[in-house]
>>> print(open('coords-v2.pdb').read())   # PDB, C-alpha atoms
ATOM      1  CA  ILE A   1     218.818 -60.173  88.241
ATOM      2  CA  ASP A   2     215.684 -58.176  89.065
ATOM      3  CA  ALA A   3     213.593 -60.180  86.597
ATOM      4  CA  GLY A   4     214.815 -63.425  88.181
ATOM      5  CA  LYS A   5     213.853 -62.102  91.612
ATOM      6  CA  LYS A   6     210.372 -61.362  90.281
ATOM      7  CA  ALA A   7     210.190 -64.962  89.064
ATOM      8  CA  GLY A   8     211.173 -66.173  92.537
ATOM      9  CA  LYS A   9     208.464 -64.073  94.139
ATOM     10  CA  ALA A  10     205.977 -65.494  91.647
ATOM     11  CA  VAL A  11     207.007 -69.060  92.571
ATOM     12  CA  VAL A  12     206.181 -68.366  96.218
ATOM     13  CA  ASP A  13     202.946 -66.573  95.270
ATOM     14  CA  VAL A  14     201.613 -69.450  93.139
ATOM     15  CA  ALA A  15     202.981 -72.491  94.970
ATOM     16  CA  GLY A  16     203.788 -71.400  98.491
ATOM     17  CA  LYS A  17     206.934 -71.864 100.531
ATOM     18  CA  ASN A  18     207.173 -75.638 100.102
ATOM     19  CA  CYS A  19     207.395 -76.771  96.491
ATOM     20  CA  LYS A  20     209.687 -78.276  93.903
ATOM     21  CA  VAL A  21     211.185 -76.035  91.206
ATOM     22  CA  ALA A  22     212.609 -76.998  87.833
ATOM     23  CA  ILE A  23     214.533 -74.370  85.911
ATOM     24  CA  ILE A  24     214.583 -74.549  82.137
ATOM     25  CA  ASN A  25     217.064 -71.953  80.990
ATOM     26  CA  PHE A  26     217.964 -71.097  77.414
ATOM     27  CA  VAL A  27     221.687 -70.898  76.555
ATOM     28  CA  LYS A  28     224.351 -71.866  79.069
ATOM     29  CA  GLY A  29     226.802 -69.030  79.568
ATOM     30  CA  SER A  30     224.455 -66.313  78.285
ATOM     31  CA  ARG A  31     224.655 -63.244  80.519
ATOM     32  CA  ASN A  32     220.853 -62.833  80.611
ATOM     33  CA  ALA A  33     220.369 -66.520  81.404
ATOM     34  CA  GLU A  34     222.878 -66.384  84.241
ATOM     35  CA  GLN A  35     221.479 -63.171  85.714
ATOM     36  CA  ARG A  36     217.885 -64.381  85.619
ATOM     37  CA  GLU A  37     218.906 -67.613  87.301
ATOM     38  CA  GLU A  38     220.966 -65.747  89.908
ATOM     39  CA  GLY A  39     218.002 -63.538  90.837
ATOM     40  CA  LEU A  40     215.659 -66.524  91.048
ATOM     41  CA  LEU A  41     217.993 -68.596  93.202
ATOM     42  CA  ASP A  42     218.751 -65.633  95.444
ATOM     43  CA  THR A  43     215.046 -65.163  96.141
ATOM     44  CA  LEU A  44     214.360 -68.874  96.618
ATOM     45  CA  SER A  45     217.269 -69.191  99.053
ATOM     46  CA  ALA A  46     215.104 -67.442 101.656
ATOM     47  CA  TYR A  47     212.732 -70.438 101.583
ATOM     48  CA  PRO A  48     214.563 -73.595 102.752
ATOM     49  CA  GLU A  49     211.549 -75.825 102.016
ATOM     50  CA  ILE A  50     211.646 -74.970  98.300
ATOM     51  CA  GLN A  51     213.706 -77.578  96.459
ATOM     52  CA  VAL A  52     215.313 -76.908  93.096
ATOM     53  CA  VAL A  53     215.053 -80.409  91.613
ATOM     54  CA  ALA A  54     216.345 -79.673  88.124
ATOM     55  CA  LYS A  55     218.339 -77.055  86.257
ATOM     56  CA  GLU A  56     218.509 -77.649  82.515
ATOM     57  CA  TYR A  57     219.363 -75.731  79.341
ATOM     58  CA  CYS A  58     217.297 -76.097  76.187
ATOM     59  CA  SER A  59     219.646 -74.138  73.872
ATOM     60  CA  SER A  60     216.606 -72.067  72.825
ATOM     61  CA  ASN A  61     215.146 -75.200  71.226
ATOM     62  CA  LYS A  62     211.413 -75.700  71.849
ATOM     63  CA  ASP A  63     211.550 -79.449  71.171
ATOM     64  CA  LEU A  64     214.375 -79.860  73.673
ATOM     65  CA  ALA A  65     212.474 -77.806  76.270
ATOM     66  CA  PHE A  66     209.441 -80.055  75.673
ATOM     67  CA  ALA A  67     211.558 -83.203  76.085
ATOM     68  CA  LEU A  68     213.290 -81.895  79.218
ATOM     69  CA  ALA A  69     209.939 -80.984  80.767
ATOM     70  CA  ASN A  70     208.597 -84.465  80.038
ATOM     71  CA  GLU A  71     211.647 -86.071  81.652
ATOM     72  CA  ILE A  72     211.210 -83.941  84.756
ATOM     73  CA  LEU A  73     207.446 -84.535  84.887
ATOM     74  CA  ALA A  74     208.027 -88.306  84.696
ATOM     75  CA  GLU A  75     209.804 -87.987  88.034
ATOM     76  CA  TYR A  76     208.093 -84.997  89.676
ATOM     77  CA  SER A  77     204.649 -83.497  89.271
ATOM     78  CA  ASP A  78     203.302 -82.987  92.786
ATOM     79  CA  ASN A  79     203.590 -79.355  93.914
ATOM     80  CA  MET A  80     205.852 -78.665  90.934
ATOM     81  CA  VAL A  81     206.773 -75.266  89.462
ATOM     82  CA  PHE A  82     208.702 -74.693  86.254
ATOM     83  CA  VAL A  83     210.589 -71.454  85.788
ATOM     84  CA  THR A  84     211.443 -70.893  82.143
ATOM     85  CA  PHE A  85     213.746 -68.062  81.135
ATOM     86  CA  ASN A  86     212.746 -67.327  77.529
ATOM     87  CA  ASP A  87     209.803 -67.713  75.169
ATOM     88  CA  VAL A  88     211.096 -70.893  73.518
ATOM     89  CA  ALA A  89     211.620 -72.686  76.832
ATOM     90  CA  SER A  90     208.274 -71.372  78.072
ATOM     91  CA  GLU A  91     206.290 -72.665  75.114
ATOM     92  CA  GLY A  92     208.036 -76.057  75.120
ATOM     93  CA  VAL A  93     207.399 -76.610  78.825
ATOM     94  CA  ALA A  94     203.802 -75.388  78.601
ATOM     95  CA  ASP A  95     203.148 -77.739  75.675
ATOM     96  CA  ALA A  96     204.442 -80.666  77.766
ATOM     97  CA  VAL A  97     202.253 -79.690  80.725
ATOM     98  CA  VAL A  98     199.191 -79.450  78.447
ATOM     99  CA  GLN A  99     199.964 -82.784  76.767
ATOM    100  CA  ARG A 100     200.154 -84.484  80.171
ATOM    101  CA  LYS A 101     196.883 -82.814  81.234
ATOM    102  CA  LEU A 102     198.585 -81.118  84.180
ATOM    103  CA  ALA A 103     197.592 -77.541  83.342
ATOM    104  CA  GLY A 104     196.991 -75.633  86.564
ATOM    105  CA  LEU A 105     198.353 -78.477  88.687
ATOM    106  CA  VAL A 106     201.930 -77.956  87.574
ATOM    107  CA  LYS A 107     202.691 -74.236  87.722
ATOM    108  CA  ILE A 108     204.736 -72.288  85.180
ATOM    109  CA  ILE A 109     206.481 -68.968  85.666
ATOM    110  CA  ALA A 110     207.546 -67.925  82.181
ATOM    111  CA  PHE A 111     209.484 -65.149  80.482
ATOM    112  CA  ASP A 112     208.440 -63.068  77.466
ATOM    113  CA  ASN A 113     205.039 -62.540  75.875
ATOM    114  CA  THR A 114     204.430 -64.384  72.635
ATOM    115  CA  PRO A 115     200.808 -64.789  71.513
ATOM    116  CA  LYS A 116     200.964 -68.452  72.544
ATOM    117  CA  GLU A 117     202.272 -67.587  76.014
ATOM    118  CA  ILE A 118     199.535 -64.981  76.454
ATOM    119  CA  ASP A 119     196.949 -67.567  75.424
ATOM    120  CA  TYR A 120     198.398 -70.028  77.938
ATOM    121  CA  LEU A 121     198.284 -67.315  80.615
ATOM    122  CA  GLU A 122     194.598 -66.678  79.902
ATOM    123  CA  LYS A 123     193.858 -70.422  80.042
ATOM    124  CA  GLY A 124     195.712 -70.958  83.335
ATOM    125  CA  VAL A 125     198.484 -73.111  81.859
ATOM    126  CA  ILE A 126     201.021 -70.400  82.683
ATOM    127  CA  GLN A 127     200.518 -68.617  86.003
ATOM    128  CA  ALA A 128     202.818 -65.631  85.461
ATOM    129  CA  LEU A 129     204.866 -63.974  82.735
ATOM    130  CA  ILE A 130     207.927 -61.858  83.396
ATOM    131  CA  ILE A 131     208.128 -59.441  80.499
ATOM    132  CA  GLN A 132     210.372 -56.623  79.452
ATOM    133  CA  ASN A 133     209.591 -53.557  77.396
ATOM    134  CA  PRO A 134     210.946 -54.368  73.929
ATOM    135  CA  PHE A 135     209.548 -51.172  72.413
ATOM    136  CA  SER A 136     211.534 -49.033  74.850
ATOM    137  CA  MET A 137     214.588 -51.244  74.395
ATOM    138  CA  GLY A 138     214.517 -50.724  70.628
ATOM    139  CA  TYR A 139     213.694 -47.041  70.826
ATOM    140  CA  LEU A 140     216.440 -46.274  73.326
ATOM    141  CA  SER A 141     218.979 -48.356  71.392
ATOM    142  CA  VAL A 142     218.407 -46.245  68.295
ATOM    143  CA  LYS A 143     218.277 -43.012  70.301
ATOM    144  CA  TYR A 144     221.589 -43.716  72.042
ATOM    145  CA  ALA A 145     223.211 -44.887  68.805
ATOM    146  CA  VAL A 146     222.324 -41.515  67.266
ATOM    147  CA  GLU A 147     223.682 -39.771  70.364
ATOM    148  CA  ALA A 148     226.951 -41.692  70.001
ATOM    149  CA  LEU A 149     227.211 -40.852  66.282
ATOM    150  CA  ASN A 150     226.691 -37.185  67.116
ATOM    151  CA  GLY A 151     229.432 -37.302  69.749
ATOM    152  CA  ASN A 152     227.031 -36.815  72.633
ATOM    153  CA  THR A 153     227.101 -38.676  75.931
ATOM    154  CA  PHE A 154     224.595 -41.347  76.815
ATOM    155  CA  PRO A 155     224.098 -43.719  79.753
ATOM    156  CA  GLU A 156     226.390 -46.720  79.846
ATOM    157  CA  TYR A 157     223.506 -48.787  81.204
ATOM    158  CA  TYR A 158     219.773 -48.120  81.170
ATOM    159  CA  ASN A 159     217.281 -50.501  82.747
ATOM    160  CA  THR A 160     213.942 -50.496  80.911
ATOM    161  CA  GLY A 161     212.459 -52.667  83.640
ATOM    162  CA  SER A 162     210.620 -55.944  83.856
ATOM    163  CA  TYR A 163     207.039 -56.645  84.845
ATOM    164  CA  LEU A 164     205.207 -59.529  86.501
ATOM    165  CA  ILE A 165     202.037 -60.230  84.542
ATOM    166  CA  THR A 166     199.303 -62.577  85.773
ATOM    167  CA  SER A 167     195.801 -63.362  84.559
ATOM    168  CA  GLU A 168     194.572 -60.964  87.246
ATOM    169  CA  ASN A 169     196.516 -57.923  86.025
ATOM    170  CA  MET A 170     197.073 -58.604  82.327
ATOM    171  CA  TYR A 171     194.225 -56.335  81.197
ATOM    172  CA  MET A 172     195.119 -53.387  83.396
ATOM    173  CA  PRO A 173     195.865 -50.404  81.125
ATOM    174  CA  GLU A 174     199.448 -49.952  82.317
ATOM    175  CA  TYR A 175     200.273 -53.574  81.432
ATOM    176  CA  GLN A 176     198.292 -53.780  78.201
ATOM    177  CA  LYS A 177     200.671 -51.294  76.582
ATOM    178  CA  ILE A 178     203.600 -53.578  77.349
ATOM    179  CA  LEU A 179     201.908 -56.944  76.909
ATOM    180  CA  PHE A 180     200.165 -56.046  73.644
ATOM    181  CA  PRO A 181     202.334 -53.354  72.000
ATOM    182  CA  ILE A 182     200.633 -51.797  68.988
ATOM    183  CA  VAL A 183     202.846 -49.661  66.818
ATOM    184  CA  LYS A 184     201.702 -47.718  63.743
TER     185      LYS A 184
END
>>> encode(input="coords-v2.pdb", output="structure tokens")
Amino acid sequence: IDAGKKAGKAVVDVAGKNCKVAIINFVKGSRNAEQREEGLLDTLSAYPEIQVVAKEYCSSNKDLAFALANEILAEYSDNMVFVTFNDVASEGVADAVVQRKLAGLVKIIAFDNTPKEIDYLEKGVIQALIIQNPFSMGYLSVKYAVEALNGNTFPEYYNTGSYLITSENMYMPEYQKILFPIVK
């Protein structure tokens, strides 16, 4: 939910309090998809002039995300923001925006941090990335699995956090470690 709220804040930051929003989510019924959407919609509900004009699912299929974005862009492009909830949706939507030569005009708030998404962030195609800390997620998963095997207690839930990355902060040291994880 927190990551979705960050996406909602980013929508307002990049497009203001009067824009159109299209949500391209990944898999209908997925807990993460639902929670991200809930956080986004909760944040946007404070801005009555923001219209959610589309809510689609791409089934984690980049070609479908591309096609859905093109359908939406055929109808809406003025003051338009896409919020995409995983890397596949993000890349598909960004590719559609680039193909239509709308980079920077149509805003994208994306999730995850693939090399292509980072490139699009640097080029201004994507305005913000919401990223998690996959290194910590993996490390803690193994750590707590070992704790469980050894009969020790461990937290039922542990939030590793999410971060809002923009072209302005992407090279700050605290975000570089998360955005560009290097593991030896």
>>> resolve_selection(input="coords-v2.pdb", expression="the PyMOL selection byres ((chain A and resi 128) around 10)", output="PyMOL selection string")
chain A and resi 6-7+10-11+13-14+83+107-111+117-118+120-122+124-127+129-131+163-170
>>> residues_around(input="coords-v2.pdb", residues="Thr114 (chain A)", least_positions_apart="5", cutoff="9 Å", atoms="all atoms listed in the file", output="ChimeraX atom specification")
/A:87,91,119,179
>>> closest_residue(input="coords-v2.pdb", among="A:Gly39, A:Gly29, A:Gly92, A:Pro48", to="Lys9 (chain A)", atoms="all atoms listed in the file")
A:Gly39
>>> atom_distance(input="coords-v2.pdb", atom1="CA of Glu174 (chain A)", atom2="CA of Thr160 (chain A)")
14.6 Å
>>> residues_around(input="coords-v2.pdb", residues="region 139-141 of chain A", least_positions_apart="5", cutoff="12 Å", atoms="all atoms listed in the file", output="PyMOL selection string")
chain A and resi 133-134+146-148+154-160+183
>>> residues_around(input="coords-v2.pdb", residues="Glu56 (chain A)", least_positions_apart="4", cutoff="9 Å", atoms="only C-alpha atoms", output="JSON, numbers by chain")
{"A": [22, 23, 24, 25, 26, 28, 65, 68]}
>>> write_last_selection(input="coords-v2.pdb", atoms="C-alpha atoms", output="PDB file, in the frame of the given file")
ATOM      1  CA  ALA A  22     212.609 -76.998  87.833  1.00  0.00           C
ATOM      2  CA  ILE A  23     214.533 -74.370  85.911  1.00  0.00           C
ATOM      3  CA  ILE A  24     214.583 -74.549  82.137  1.00  0.00           C
ATOM      4  CA  ASN A  25     217.064 -71.953  80.990  1.00  0.00           C
ATOM      5  CA  PHE A  26     217.964 -71.097  77.414  1.00  0.00           C
ATOM      6  CA  LYS A  28     224.351 -71.866  79.069  1.00  0.00           C
ATOM      7  CA  ALA A  65     212.474 -77.806  76.270  1.00  0.00           C
ATOM      8  CA  LEU A  68     213.290 -81.895  79.218  1.00  0.00           C
TER       9      LEU A  68
END
>>> resolve_selection(input="coords-v2.pdb", expression="the PyMOL selection byres ((chain A and resi 70-74) around 8)", output="ChimeraX atom specification")
/A:22,54,66-69,75-77,96-97
>>> closest_residue(input="coords-v2.pdb", among="A:Asn79, A:Ser60, A:Thr43, A:Ser30", to="Gly16 (chain A)", atoms="all atoms listed in the file")
A:Asn79
>>> closest_residue(input="coords-v2.pdb", among="A:Ser90, A:Ser59, A:Gln99, A:Gln51", to="Lys20 (chain A)", atoms="all atoms listed in the file")
A:Gln51
>>> residues_around(input="coords-v2.pdb", residues="Tyr47 (chain A)", least_positions_apart="6", cutoff="9 Å", atoms="only C-alpha atoms", output="ChimeraX atom specification")
/A:12,17-18
>>> axis_aligned_box(input="coords-v2.pdb", around="region 96-103 of chain A", padding_each_side="8 Å", output="AutoDock Vina command-line options")
--center_x 200.7 --center_y -81.0 --center_z 80.5 --size_x 23.6 --size_y 22.9 --size_z 23.4
>>> closest_residue(input="coords-v2.pdb", among="A:Ala33, A:Leu41, A:Met80, A:Ala3", to="Cys58 (chain A)", atoms="all atoms listed in the file")
A:Ala33
